[in-house]
Structures are given as C-alpha cells and as structure tokens.
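Data file: protein.cif. Format and content: mmCIF, C-alpha atoms (C1' of nucleotides).
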data_run
#
loop_
_atom_site.label_atom_id
_atom_site.label_comp_id
_atom_site.auth_asym_id
_atom_site.auth_seq_id
_atom_site.Cartn_x
_atom_site.Cartn_y
_atom_site.Cartn_z
CA MET A 14 134.20 42.36 192.76
CA LEU A 15 137.01 42.90 195.21
CA VAL A 16 137.24 41.08 198.51
CA ARG A 17 139.80 41.47 201.30
CA TRP A 18 141.22 38.20 202.48
CA PRO A 19 140.91 36.87 205.10
CA ASN A 20 138.93 39.78 206.56
CA GLU A 21 135.90 39.50 204.33
CA ALA A 22 135.62 35.74 204.21
CA GLU A 23 131.87 35.95 204.61
CA GLN A 24 131.55 38.17 201.61
CA ARG A 25 133.61 35.76 199.58
CA LYS A 26 131.33 32.89 200.46
CA ARG A 27 128.25 34.86 199.50
CA LEU A 28 129.68 35.81 196.13
CA ALA A 29 130.78 32.27 195.44
CA GLU A 30 127.28 30.97 196.04
CA ARG A 31 125.86 33.43 193.56
CA HIS A 32 128.54 32.75 190.97
CA ILE A 33 129.80 36.29 190.93
CA PRO A 34 133.42 36.73 189.88
CA ARG A 35 135.67 37.97 192.65
CA LEU A 36 139.29 38.92 193.22
CA LEU A 37 140.69 38.27 196.69
CA LEU A 38 143.18 40.81 197.95
CA VAL A 39 145.39 38.69 200.17
CA ASP A 40 147.06 40.50 203.04
CA ASP A 41 150.77 40.19 203.43
CA GLY A 42 151.91 37.12 205.29
CA ILE A 43 148.59 35.29 204.94
CA PRO A 44 148.52 32.02 202.98
CA PRO A 45 146.40 32.18 199.82
CA PRO A 46 142.95 30.56 199.91
CA GLU A 47 142.33 27.08 198.58
CA SER A 48 139.87 25.60 196.18
CA LEU A 49 139.33 28.22 193.56
CA ASP A 50 136.62 28.02 191.01
CA CYS A 51 137.09 29.65 187.63
CA LEU A 52 135.36 32.82 188.77
CA GLU A 53 137.79 33.44 191.60
CA ASP A 54 141.32 34.72 191.62
CA TRP A 55 143.62 36.23 194.19
CA ILE A 56 146.59 38.53 194.39
CA ARG A 57 148.96 39.27 197.20
CA LEU A 58 149.21 42.83 198.48
CA PRO A 59 150.94 45.06 197.88
CA ALA A 60 150.75 44.68 194.13
CA PRO A 61 151.14 47.00 191.14
CA GLU A 62 147.97 48.51 189.81
CA SER A 63 148.49 46.94 186.40
CA ASP A 64 148.66 43.44 187.86
CA VAL A 65 145.38 43.89 189.67
CA ARG A 66 143.76 45.18 186.53
CA ALA A 67 145.07 42.28 184.48
CA ARG A 68 143.53 39.78 186.87
CA ILE A 69 140.23 41.61 186.94
CA ASP A 70 140.06 41.62 183.17
CA ALA A 71 140.86 37.95 182.99
CA LEU A 72 138.10 37.22 185.48
CA ARG A 73 135.62 39.22 183.47
CA ILE A 74 136.39 37.33 180.31
CA ARG A 75 136.16 33.99 182.04
CA SER A 76 132.87 34.89 183.58
CA ARG A 77 131.39 35.58 180.17
CA ALA A 78 132.60 32.28 178.90
CA HIS A 79 131.08 30.51 181.87
CA LEU A 80 127.72 32.17 182.09
CA ARG A 81 126.73 32.46 178.52
CA THR A 82 126.73 28.76 177.83
CA VAL A 83 123.21 27.48 178.20
CA PRO A 84 120.35 28.34 175.87
CA GLU A 85 116.80 28.62 177.15
CA ILE A 86 113.44 28.27 175.49
CA ASP A 87 110.14 29.44 176.92
CA ALA A 88 106.57 28.24 176.48
CA HIS A 89 105.95 30.67 173.63
CA GLY A 90 108.70 29.23 171.50
CA VAL A 91 111.19 32.00 172.11
CA LEU A 92 114.73 30.71 172.31
CA ARG A 93 117.35 32.87 174.00
CA PHE A 94 121.07 32.41 173.88
CA GLY A 95 123.78 34.86 174.68
CA SER A 96 122.59 38.28 173.76
CA SER A 97 119.98 37.47 171.16
CA TRP A 98 116.87 35.44 170.56
CA VAL A 99 114.60 34.01 167.88
CA SER A 100 110.98 32.98 167.92
CA LEU A 101 110.34 29.50 166.60
CA PRO A 102 107.24 27.97 165.03
CA PRO A 103 105.58 25.16 167.04
CA VAL A 104 107.24 22.16 165.49
CA GLU A 105 110.69 23.62 165.54
CA ALA A 106 110.10 24.85 169.09
CA ARG A 107 109.42 21.32 170.29
CA LEU A 108 112.43 20.10 168.39
CA ALA A 109 114.61 22.82 169.85
CA ASP A 110 113.29 22.07 173.31
CA ALA A 111 114.28 18.44 173.08
CA LEU A 112 117.75 19.50 172.05
CA VAL A 113 118.08 22.22 174.65
CA VAL A 114 117.27 20.02 177.63
CA ARG A 115 120.10 17.74 176.57
CA PHE A 116 122.37 20.57 175.59
CA GLY A 117 125.81 19.29 174.71
CA ALA A 118 124.75 15.67 174.54
CA VAL A 119 123.59 13.50 171.70
CA VAL A 120 119.86 13.14 171.27
CA GLY A 121 118.77 10.12 169.27
CA ARG A 122 116.57 10.52 166.23
CA ASP A 123 113.84 8.44 167.86
CA THR A 124 113.85 10.60 170.94
CA LEU A 125 113.55 13.67 168.80
CA ARG A 126 110.80 12.23 166.69
CA ARG A 127 108.82 11.27 169.77
CA SER A 128 109.20 14.67 171.38
CA VAL A 129 108.14 16.49 168.26
CA TRP A 130 105.32 14.19 167.12
CA PRO A 131 104.07 12.35 170.22
CA GLY A 132 101.37 10.45 168.37
CA THR A 133 101.70 9.74 164.70
CA ALA A 134 104.98 9.28 162.95
CA PRO A 135 105.17 11.37 159.80
CA GLY A 136 107.44 10.55 156.89
CA ARG A 137 111.01 9.57 157.51
CA ASN A 138 112.63 12.64 156.09
CA VAL A 139 110.64 15.21 158.02
CA LEU A 140 112.99 15.24 160.91
CA ASP A 141 115.97 15.98 158.69
CA VAL A 142 114.14 18.79 157.03
CA HIS A 143 113.17 20.40 160.29
CA VAL A 144 116.65 20.03 161.62
CA LEU A 145 117.84 21.81 158.54
CA ARG A 146 115.40 24.65 159.03
CA LEU A 147 116.16 24.89 162.73
CA ARG A 148 119.85 25.01 161.92
CA ARG A 149 119.37 28.02 159.76
CA ARG A 150 117.46 29.81 162.45
CA LEU A 151 119.92 29.03 165.21
CA ALA A 152 123.08 29.82 163.32
CA PRO A 153 122.87 33.59 163.86
CA LEU A 154 122.68 32.99 167.61
CA GLY A 155 125.97 31.17 167.69
CA LEU A 156 124.36 27.78 168.12
CA ALA A 157 125.06 24.79 165.97
CA ILE A 158 123.37 21.44 165.59
CA ARG A 159 126.00 18.82 165.00
CA THR A 160 125.18 15.59 163.26
CA VAL A 161 126.19 12.30 164.79
CA ARG A 162 125.75 10.03 161.89
CA SER A 163 123.17 7.28 162.21
CA ARG A 164 122.64 8.27 165.83
CA GLY A 165 121.17 11.66 166.24
CA TYR A 166 121.97 15.29 166.73
CA MET A 167 123.71 17.41 169.34
CA LEU A 168 123.19 21.05 170.13
CA GLU A 169 126.33 23.01 170.81
CA ARG A 170 127.91 26.40 170.87
CA ALA A 171 129.20 27.11 167.40
CA GLU A 172 132.94 26.65 167.51
CA GLN A 173 134.48 29.80 166.23
CA PRO A 174 137.65 31.82 166.56
CA GLU A 175 137.68 34.31 169.35
CA GLY A 176 136.61 37.61 167.87
CA MET A 177 133.07 36.63 167.10
CA VAL A 178 130.84 39.49 166.15
CA PRO A 179 127.48 38.09 165.13
CA VAL A 180 126.10 41.50 164.35
CA LEU A 181 125.86 42.83 160.83
CA SER A 182 126.90 39.98 158.63
CA GLU A 183 124.55 39.72 155.71
CA THR A 184 121.04 39.86 157.06
CA PRO A 185 119.27 40.01 153.69
CA ALA A 186 116.48 42.31 154.78
CA GLY A 187 113.55 41.27 156.91
CA ASP A 188 115.64 38.96 159.01
CA GLU A 189 114.29 37.95 162.36
CA VAL A 190 117.16 37.93 164.77
CA HIS A 191 116.81 40.14 167.77
CA LEU A 192 119.45 41.43 170.08
CA ASP A 193 119.06 42.04 173.75
CA ASP A 194 120.53 45.08 175.38
CA GLU A 195 124.16 44.37 176.18
CA VAL A 196 125.60 43.51 172.84
CA LEU A 197 129.03 44.93 173.23
CA GLU A 198 131.92 43.36 174.96
CA ALA A 199 135.58 42.74 174.33
CA ALA A 200 138.21 45.42 174.55
CA PRO A 201 137.49 46.71 178.04
CA ALA A 202 140.24 49.21 177.44
CA SER A 203 140.27 52.31 179.60
CA MET B 14 153.50 22.86 183.50
CA LEU B 15 155.69 25.87 184.17
CA VAL B 16 156.54 28.41 181.53
CA ARG B 17 158.84 31.42 181.74
CA TRP B 18 157.29 34.58 180.45
CA PRO B 19 157.98 36.15 178.06
CA ASN B 20 160.99 33.96 177.24
CA GLU B 21 159.09 30.79 176.45
CA ALA B 22 156.18 32.30 174.59
CA GLU B 23 156.31 29.57 171.97
CA GLN B 24 156.01 26.91 174.60
CA ARG B 25 153.01 28.66 176.05
CA LYS B 26 151.27 28.70 172.70
CA ARG B 27 151.92 25.03 172.18
CA LEU B 28 150.52 24.11 175.54
CA ALA B 29 147.49 26.27 175.00
CA GLU B 30 146.71 24.54 171.75
CA ARG B 31 146.81 21.21 173.47
CA HIS B 32 144.77 22.38 176.42
CA ILE B 33 147.44 21.62 178.96
CA PRO B 34 147.29 23.69 182.13
CA ARG B 35 150.22 26.06 182.57
CA LEU B 36 151.54 28.58 185.02
CA LEU B 37 153.48 31.50 183.58
CA LEU B 38 156.38 32.75 185.64
CA VAL B 39 156.43 36.43 184.78
CA ASP B 40 159.79 38.11 184.97
CA ASP B 41 160.12 41.20 187.07
CA GLY B 42 159.10 44.39 185.30
CA ILE B 43 157.26 42.62 182.50
CA PRO B 44 153.53 43.26 182.10
CA PRO B 45 151.42 40.16 182.71
CA PRO B 46 149.99 38.34 179.68
CA GLU B 47 146.34 38.50 178.77
CA SER B 48 145.03 35.21 180.01
CA LEU B 49 141.74 34.26 178.52
CA ASP B 50 142.00 30.67 179.44
CA CYS B 51 140.79 28.90 182.54
CA LEU B 52 143.75 26.56 182.26
CA GLU B 53 146.27 29.35 182.47
CA ASP B 54 147.50 31.40 185.37
CA TRP B 55 150.51 33.57 186.05
CA ILE B 56 152.56 34.78 188.96
CA ARG B 57 155.16 37.48 189.20
CA LEU B 58 158.67 36.55 190.19
CA PRO B 59 160.10 36.53 192.73
CA ALA B 60 157.33 34.84 194.66
CA PRO B 61 157.15 32.68 197.76
CA GLU B 62 157.17 28.98 197.18
CA SER B 63 153.80 28.56 198.84
CA ASP B 64 152.12 31.00 196.46
CA VAL B 65 153.42 29.17 193.44
CA ARG B 66 152.22 25.92 194.86
CA ALA B 67 148.78 27.36 195.61
CA ARG B 68 148.37 28.47 192.03
CA ILE B 69 149.50 25.16 190.66
CA ASP B 70 147.01 23.35 192.84
CA ALA B 71 144.24 25.66 191.75
CA LEU B 72 145.09 25.04 188.12
CA ARG B 73 144.98 21.34 188.71
CA ILE B 74 141.53 21.58 190.21
CA ARG B 75 140.24 23.72 187.40
CA SER B 76 141.70 21.40 184.84
CA ARG B 77 139.77 18.53 186.32
CA ALA B 78 136.58 20.51 186.06
CA HIS B 79 137.25 21.56 182.51
CA LEU B 80 138.67 18.57 180.78
CA ARG B 81 138.46 14.89 180.80
CA THR B 82 141.78 13.32 181.63
CA VAL B 83 140.51 9.89 180.76
CA PRO B 84 138.70 9.26 177.50
CA GLU B 85 135.04 8.44 177.73
CA ILE B 86 132.72 7.07 175.12
CA ASP B 87 128.95 7.16 175.40
CA ALA B 88 126.24 4.96 173.97
CA HIS B 89 125.93 7.11 170.89
CA GLY B 90 129.50 6.67 169.81
CA VAL B 91 130.71 10.05 170.98
CA LEU B 92 134.18 9.96 172.44
CA ARG B 93 135.19 12.83 174.70
CA PHE B 94 138.69 13.64 175.79
CA GLY B 95 140.29 16.80 177.00
CA SER B 96 138.15 19.66 175.85
CA SER B 97 136.78 18.20 172.66
CA TRP B 98 135.06 15.20 171.18
CA VAL B 99 134.54 13.23 168.02
CA SER B 100 131.67 11.14 166.86
CA LEU B 101 132.67 7.69 165.75
CA PRO B 102 130.92 5.42 163.29
CA PRO B 103 129.62 2.13 164.74
CA VAL B 104 132.57 -0.09 163.99
CA GLU B 105 135.15 2.37 165.15
CA ALA B 106 133.04 3.12 168.20
CA ARG B 107 133.19 -0.51 169.28
CA LEU B 108 136.88 -0.59 168.58
CA ALA B 109 137.46 2.58 170.54
CA ASP B 110 135.37 1.25 173.38
CA ALA B 111 137.50 -1.86 173.69
CA LEU B 112 140.58 0.34 173.83
CA VAL B 113 139.12 2.87 176.22
CA VAL B 114 138.10 0.39 178.89
CA ARG B 115 141.72 -0.76 178.98
CA PHE B 116 143.12 2.73 178.61
CA GLY B 117 146.89 2.66 178.92
CA ALA B 118 147.16 -1.10 178.64
CA VAL B 119 147.82 -3.36 175.70
CA VAL B 120 144.79 -4.97 174.11
CA GLY B 121 145.41 -8.05 172.00
CA ARG B 122 144.31 -8.20 168.42
CA ASP B 123 142.01 -11.13 169.10
CA THR B 124 140.31 -9.28 171.90
CA LEU B 125 139.78 -6.33 169.65
CA ARG B 126 138.52 -8.44 166.80
CA ARG B 127 136.03 -10.16 169.06
CA SER B 128 134.71 -6.92 170.55
CA VAL B 129 134.27 -5.33 167.17
CA TRP B 130 132.82 -8.30 165.29
CA PRO B 131 131.20 -10.60 167.87
CA GLY B 132 130.02 -13.05 165.26
CA THR B 133 131.90 -13.61 162.06
CA ALA B 134 135.32 -12.20 161.52
CA PRO B 135 135.70 -10.38 158.22
CA GLY B 136 138.94 -10.27 156.29
CA ARG B 137 142.23 -10.25 158.16
CA ASN B 138 143.21 -6.76 157.17
CA VAL B 139 140.08 -5.06 158.40
CA LEU B 140 141.24 -4.58 161.92
CA ASP B 141 144.40 -2.78 160.83
CA VAL B 142 142.47 -0.55 158.53
CA HIS B 143 140.04 0.44 161.21
CA VAL B 144 142.85 1.08 163.63
CA LEU B 145 144.34 3.38 161.07
CA ARG B 146 141.12 5.27 160.60
CA LEU B 147 140.53 5.48 164.31
CA ARG B 148 144.05 6.80 164.75
CA ARG B 149 143.37 9.65 162.40
CA ARG B 150 140.19 10.56 164.16
CA LEU B 151 141.70 10.47 167.60
CA ALA B 152 144.83 12.41 166.78
CA PRO B 153 143.18 15.85 167.01
CA LEU B 154 142.01 15.00 170.52
CA GLY B 155 145.52 14.30 171.72
CA LEU B 156 145.06 10.55 171.80
CA ALA B 157 147.35 8.05 170.15
CA ILE B 158 147.15 4.34 169.50
CA ARG B 159 150.53 2.75 169.96
CA THR B 160 151.43 -0.50 168.29
CA VAL B 161 152.94 -3.31 170.30
CA ARG B 162 154.29 -5.58 167.68
CA SER B 163 152.67 -9.00 167.42
CA ARG B 164 150.75 -8.33 170.61
CA GLY B 165 148.19 -5.67 170.04
CA TYR B 166 147.47 -2.01 170.47
CA MET B 167 147.43 0.44 173.33
CA LEU B 168 145.52 3.68 173.70
CA GLU B 169 147.44 6.55 175.24
CA ARG B 170 147.70 10.27 175.59
CA ALA B 171 149.82 11.59 172.76
CA GLU B 172 152.84 12.90 174.59
CA GLN B 173 155.41 14.56 172.46
CA PRO B 174 158.87 14.91 173.96
CA GLU B 175 159.98 18.46 174.59
CA GLY B 176 163.12 18.32 172.52
CA MET B 177 161.40 17.96 169.21
CA VAL B 178 159.45 20.91 168.00
CA PRO B 179 158.27 19.96 164.52
CA VAL B 180 157.30 22.67 162.10
CA LEU B 181 155.19 25.32 163.71
CA SER B 182 157.06 28.53 163.11
CA GLU B 183 155.09 31.72 163.46
CA THR B 184 151.49 30.58 163.01
CA PRO B 185 149.91 33.96 162.33
CA ALA B 186 147.14 33.91 164.90
CA GLY B 187 144.04 31.82 164.77
CA ASP B 188 145.16 29.08 162.47
CA GLU B 189 144.91 25.37 162.74
CA VAL B 190 148.11 23.49 163.19
CA HIS B 191 147.82 19.82 162.56
CA LEU B 192 150.74 17.88 163.81
CA ASP B 193 151.45 14.80 161.78
CA ASP B 194 151.47 11.65 163.78
CA GLU B 195 154.93 11.00 162.42
CA VAL B 196 156.20 12.97 165.35
CA LEU B 197 155.66 10.34 167.94
CA GLU B 198 157.97 7.49 167.28
CA ALA B 199 159.77 5.67 169.99
CA ALA B 200 161.10 2.24 170.69
CA PRO B 201 158.50 0.03 172.34
CA ALA B 202 161.53 -1.55 173.98
CA SER B 203 159.86 -4.71 175.03
"C1'" DC C 16 175.24 -10.19 151.71
"C1'" DA C 17 171.03 -10.72 149.40
"C1'" DT C 18 166.68 -12.50 150.02
"C1'" DC C 19 162.53 -13.66 152.18
"C1'" DA C 20 158.61 -13.85 155.36
"C1'" DG C 21 155.77 -11.93 158.97
"C1'" DG C 22 153.56 -8.18 160.77
"C1'" DG C 23 151.94 -3.54 160.16
"C1'" DT C 24 150.78 0.65 157.59
"C1'" DT C 25 148.70 3.07 153.98
"C1'" DC C 26 146.18 3.78 149.81
"C1'" DA C 27 142.53 3.22 146.28
"C1'" DC C 28 138.17 1.40 145.24
"C1'" DA C 29 133.25 -0.12 145.28
"C1'" DG C 30 128.76 -0.85 147.33
"C1'" DC C 31 125.81 0.90 150.43
"C1'" DT C 32 123.37 4.01 153.65
"C1'" DA C 33 122.39 8.25 155.77
"C1'" DC C 34 122.13 12.94 155.51
"C1'" DG C 35 121.65 17.66 153.17
"C1'" DA C 36 119.28 20.49 150.31
"C1'" DA C 37 116.00 22.06 147.16
"C1'" DA C 38 111.58 22.21 145.19
"C1'" DC C 39 106.82 21.34 145.60
"C1'" DA C 40 102.03 20.96 147.58
"C1'" DG C 41 98.61 21.13 151.12
"C1'" DA C 42 97.27 23.53 155.39
"C1'" DT C 43 96.65 27.27 158.27
"C1'" DC C 44 96.01 31.91 159.49
"C1'" DG C 45 95.89 36.68 159.18
"C1'" DC D 16 94.80 36.50 148.74
"C1'" DG D 17 99.60 36.36 150.52
"C1'" DA D 18 102.68 34.67 153.98
"C1'" DT D 19 104.13 31.30 156.86
"C1'" DC D 20 104.21 26.67 158.52
"C1'" DT D 21 104.37 21.83 157.57
"C1'" DG D 22 105.01 17.41 155.28
"C1'" DT D 23 106.53 14.90 151.04
"C1'" DT D 24 109.38 13.72 147.22
"C1'" DT D 25 113.51 13.65 144.88
"C1'" DC D 26 118.36 13.84 143.96
"C1'" DG D 27 123.14 14.56 144.90
"C1'" DT D 28 126.81 13.89 147.98
"C1'" DA D 29 129.42 12.60 151.78
"C1'" DG D 30 130.51 9.10 155.03
"C1'" DC D 31 130.89 4.07 156.49
"C1'" DT D 32 132.72 -0.46 155.62
"C1'" DG D 33 135.12 -4.25 153.70
"C1'" DT D 34 138.54 -5.79 150.19
"C1'" DG D 35 142.80 -6.06 147.71
"C1'" DA D 36 147.23 -4.63 146.89
"C1'" DA D 37 151.45 -1.93 147.41
"C1'" DC D 38 154.83 -0.64 150.62
"C1'" DC D 39 157.92 -0.56 154.78
"C1'" DC D 40 160.38 -2.27 158.60
"C1'" DT D 41 162.56 -6.01 161.20
"C1'" DG D 42 164.45 -10.24 162.02
"C1'" DA D 43 165.66 -14.80 160.16
"C1'" DT D 44 167.68 -17.71 156.56
"C1'" DG D 45 170.37 -19.64 152.85
#

Just give me the structure as structure tokens.
Amino acid sequence: MLVRWPNEAEQRKRLAERHIPRLLLVDDGIPPPESLDCLEDWIRLPAPESDVRARIDALRIRSRAHLRTVPEIDAHGVLRFGSSWVSLPPVEARLADALVVRFGAVVGRDTLRRSVWPGTAPGRNVLDVHVLRLRRRLAPLGLAIRTVRSRGYMLERAEQPEGMVPVLSETPAGDEVHLDDEVLEAAPAS
Amino acid sequence: MLVRWPNEAEQRKRLAERHIPRLLLVDDGIPPPESLDCLEDWIRLPAPESDVRARIDALRIRSRAHLRTVPEIDAHGVLRFGSSWVSLPPVEARLADALVVRFGAVVGRDTLRRSVWPGTAPGRNVLDVHVLRLRRRLAPLGLAIRTVRSRGYMLERAEQPEGMVPVLSETPAGDEVHLDDEVLEAAPAS
DNA sequence: CATCAGGGTTCACAGCTACGAAACAGATCG
DNA sequence: CGATCTGTTTCGTAGCTGTGAACCCTGATG
C-alpha cells in the first residue's frame, strides 16, 4: 500500500494501526519519518521503478513472516495455522490448546497434564504418547513440538530452510490435512 | 553495520548468519538486493547523510524488537539470545544463570560452584567440565564464555575480529556453517 | 635449559533418568 | 462390525551427570 509522505500522514497512521504493510513515498527535501515497524518502509522520490518494486516485494515477504506466526484453535478442535488446518480429537485438542495459548514458551508437564485431565491423573506415559500423536498431526502444518527435557514441551514454528512447500510430500492416501484458499506464494515475479 | 553492495557480498552473508543488523550501500546502477530479512535494509548511493542515519536508526529499533541483545534464561532452563534459544539441563541451567546475571563481568569459580551446587561440592573437575559443555551449547547462539585465568569465567557476545575470516568459502546456499570456537582467541591482558 | 607444578581443556566412560516409539487392549461411536 | 480414540505396557535409545585421566599452556625453579 503506497502512501505519500508527509501529505497522507493520516492514512499512514490508519494503516499502521491495522498492521497493513505500507511504503511511504517521501517528497524531495522532506526528512524521512521516524520509528518504523517491520511493515513500513520508505523511499525518496524521485526513484527508479525497480527500486520501488524491490521495496514493495520486501515488504510483502516480511508481512507474511509477521502475520502467519500464531496458530489458533477453536471450540470444535480445529487447529489453523498458516494456510492449512487439522481437526483434532478431544484429548489432543485440549493438549494443543494448552500449548497454543503459551505459543513459543515452555509449558511444564504438570501444566499440560492438568489442562488435559483436570480430575484424575492417568498413567505417567500417557502424556508422552499424546504428545507423540499430536506431533504427527501438527507436522504437516509446519508446527513442531520441541522437547525441553525434564521440564516440558514448547510449540513452535518448524524451523526449516526458506523454500518450504508443505504441499504434496508423501500423503499416503486418506490423509487429513486441509488447505485453505491462498496456498501459493513466493516468486511474485511479473 | 555498513556493507558495500555488491562488493562485500561475503560480509553480508556472514552478518546475516549471525543475525546482525546491516545496511547495504548499493552502488549506483546496481539493482538492489532481495532483502528478506527484517534486520537488513539498503540505500542507493549517493544519498544524503540524514537518510542513511534514518535507516540505521530504524534498523536499530527493529533489531531491538526482533532479538534479545542480552541473554535471558527462564524458569524452565530455556536460554534465549539473539534470535534463537537452547534448552539447558538443570545443572547447566544453574551455571548459565549465574553467568547471565553478571553478563559481561567475571564470575569467580567459587561463586559458580556455590550457585550450581548449593550443598555439597562434587569433584573438583566438575565445574570445568560443565563449563565446557555449556560453551558448546552456547556457541551456536553467538555467546562465548571467556576464561580469566585463576579468577573465573565471563559470559560475553562472541565477537570475531573482522580480519580473520576462517574457512567459509562458497557455502552453496542453505547450509549450516559451524564456526569452531578456536577462532576467538585473544590475550586476556590482565 | 630442562623440568615441574598449577590451572584449564578435552575426552572417554558408566550409571541413571527421561523420552520416543511401537504394539496392544478396552472404549466409544457410527 | 469396523474405525477411531484412548490408556497401558514395554523396550530401546538418547541425554544428563559425575569421575578419572590425558593433554596443553604458562610461569617458576633447580
């Protein structure tokens, strides 16, 4: 989204509040704005077309990286992350929920056990087993459950080299990973 | 950190790997690089001094939002620094904690021993061994434990002088370069 | 000059615990 | 009845921790 600076200062503020990426076109002789967040960039006019395009592309990529970061789970046990989702059985849904609300932080085994089984405490290994099963379900979404030994678990984005294309890997028939609409990105050529 | 582009492409790559913010000074007539990174920006030369300064300031702000410039360890033994983290086993977590609270200062061996083993003190070698193991774990984060002979240890950012570029030749895209800790060796001069 | 001692680093090893993974059995639900 | 969900058991493996010993560097000593 392009904004003239300083003429359209109001517009800039509105976009910033709604976390929409924006490129400020700074008029000649005007000092550049201060306090940029990662979704804002500026360029001084006049500027070559290719430079403007380069900055717009960079903004677009950054915006993906910034927005896509937090998974969500609804009351029906459907967990969404990025462009895809899975439906989880009750126990794993509660487990996932406990991990999602503390996304990126360590959640102790006791905390997990209490969120999943509020009353009785089942066997000691159950938690591990369910973590294992949840791991398998979340992997295709690009989510990973990291182990913090003798402490607990942490839900994270799966660290992976840049060109990640989760689509069509193996999917041994009857798999249950669903994709939302906008699956394609990268290479905004044209 | 300023980098000429495209002349100092190697330098840029090195900084990117270590998550150090950088401003590329793009020579006239050269197409701008594809910046995917929130810690990277570029400006086309020649440019007014004030514009360069504005971009540097913006980078600094972003870098604060994105990385931790001071190591931090939580109750679960997870130590965060820069853009990444490691989980530490109990003993090393206590050791790291004692070093982190005095980040940048020398911590005596006795102090360390007492924080790690409040009660009985195990063998005499144990501390050294755990320092060694902690060193290895912290290296990938860009942290180094310096030895101050017959006094103690000091936790620091691992700064490597610019003159010495170890191996690191072409690195064919998306690989993992592990710099040996042999690289940082300097006279404590005390 | 050779040797030695102190301090530090690194390795190999052994006991132990926690976790991962598979296989199985009851439960539930269509 | 078949499929899925759930809990249990079991076993193998990887990680944590302390110990001992070899090695290296530096400064002191005979």

For this session: Find the spatial neighbours of DA36 (chain D), counting all atoms listed in the file, within a cut-off of 12 Å - ignore same-chain residues fewer than 3 positions away - and output them as a ChimeraX atom specification.
Result: /B:138 /C:25-28

Problem set entry | Residues in the PyMOL selection byres ((chain C) within 10 of (chain B)), expressed as a count of residues only | 5

For this session: Give the residues of chain D that lie within 8 Å of chain B; count all atoms listed in the file, and format the answer as a ChimeraX atom specification.
Result: /D:31,33-34

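Atom pair C1' of DG41 (chain C) / C1' of DT24 (chain D): separated by 13.6 Å.
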
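Distances to Ser97 (chain B) were evaluated for B:Arg150, B:Arg164, B:Arg57, B:Arg35 using all atoms listed in the file, and the minimum falls at B:Arg150.
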
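The gap separating CA of Asp41 (chain A) from CA of Arg75 (chain A) is 26.6 Å, in Å to one decimal.
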
Residues of chain A within 9 Å of chain B: nearest atom pair and distance (Å, one decimal) for each, counting only C-alpha atoms, sorted by chain and number, as CSV?
residue,atom,partner,partner_atom,distance
A:Pro44,CA,B:Asp64,CA,7.5
A:Pro45,CA,B:Asp64,CA,6.7
A:Pro46,CA,B:Ala67,CA,7.9
A:Glu47,CA,B:Ala67,CA,7.1
A:Ser48,CA,B:Ala71,CA,6.2
A:Leu49,CA,B:Ala71,CA,5.8
A:Asp50,CA,B:Arg75,CA,6.7
A:Cys51,CA,B:Cys51,CA,6.3
A:Ile56,CA,B:Ile56,CA,8.9
A:Arg57,CA,B:Asp64,CA,8.9
A:Ser63,CA,B:Pro44,CA,7.6
A:Asp64,CA,B:Pro45,CA,6.7
A:Ala67,CA,B:Pro45,CA,6.9
A:Arg68,CA,B:Ser48,CA,8.4
A:Asp70,CA,B:Glu47,CA,8.3
A:Ala71,CA,B:Ser48,CA,5.8
A:Leu72,CA,B:Leu49,CA,8.4
A:Ile74,CA,B:Leu49,CA,6.4
A:Arg75,CA,B:Leu49,CA,6.6
A:Ala118,CA,B:Val91,CA,8.9
A:Val119,CA,B:His89,CA,6.9
A:Val120,CA,B:His89,CA,8.6
A:Gly121,CA,B:His89,CA,7.9
A:Thr160,CA,B:Ser100,CA,8.7
A:Val161,CA,B:Ser100,CA,6.0
A:Arg162,CA,B:Pro102,CA,7.1
A:Ser163,CA,B:Pro102,CA,8.0
A:Arg164,CA,B:His89,CA,6.1
A:Gly165,CA,B:His89,CA,8.1
A:Pro174,CA,B:Gly187,CA,6.6
A:Glu175,CA,B:Gly187,CA,8.2

For this session: Could you tell me how far CA of Ala29 (chain B) lies from CA of Val83 (chain B), in Å and to one decimal?
Result: 18.7 Å

Exercise. Contacts of DA43 (chain D) at 10 Å or less, counting all atoms listed in the file, minus same-chain residues fewer than 2 places along, as an MDAnalysis selection string?
Worked result: (chainID C and resid 19:20) or (chainID D and resid 41 45)

Problem set entry | Explicit residues for the PyMOL selection byres ((chain C and resi 45) around 10) (as a PyMOL selection string) | (chain C and resi 43-44) or (chain D and resi 17-18)
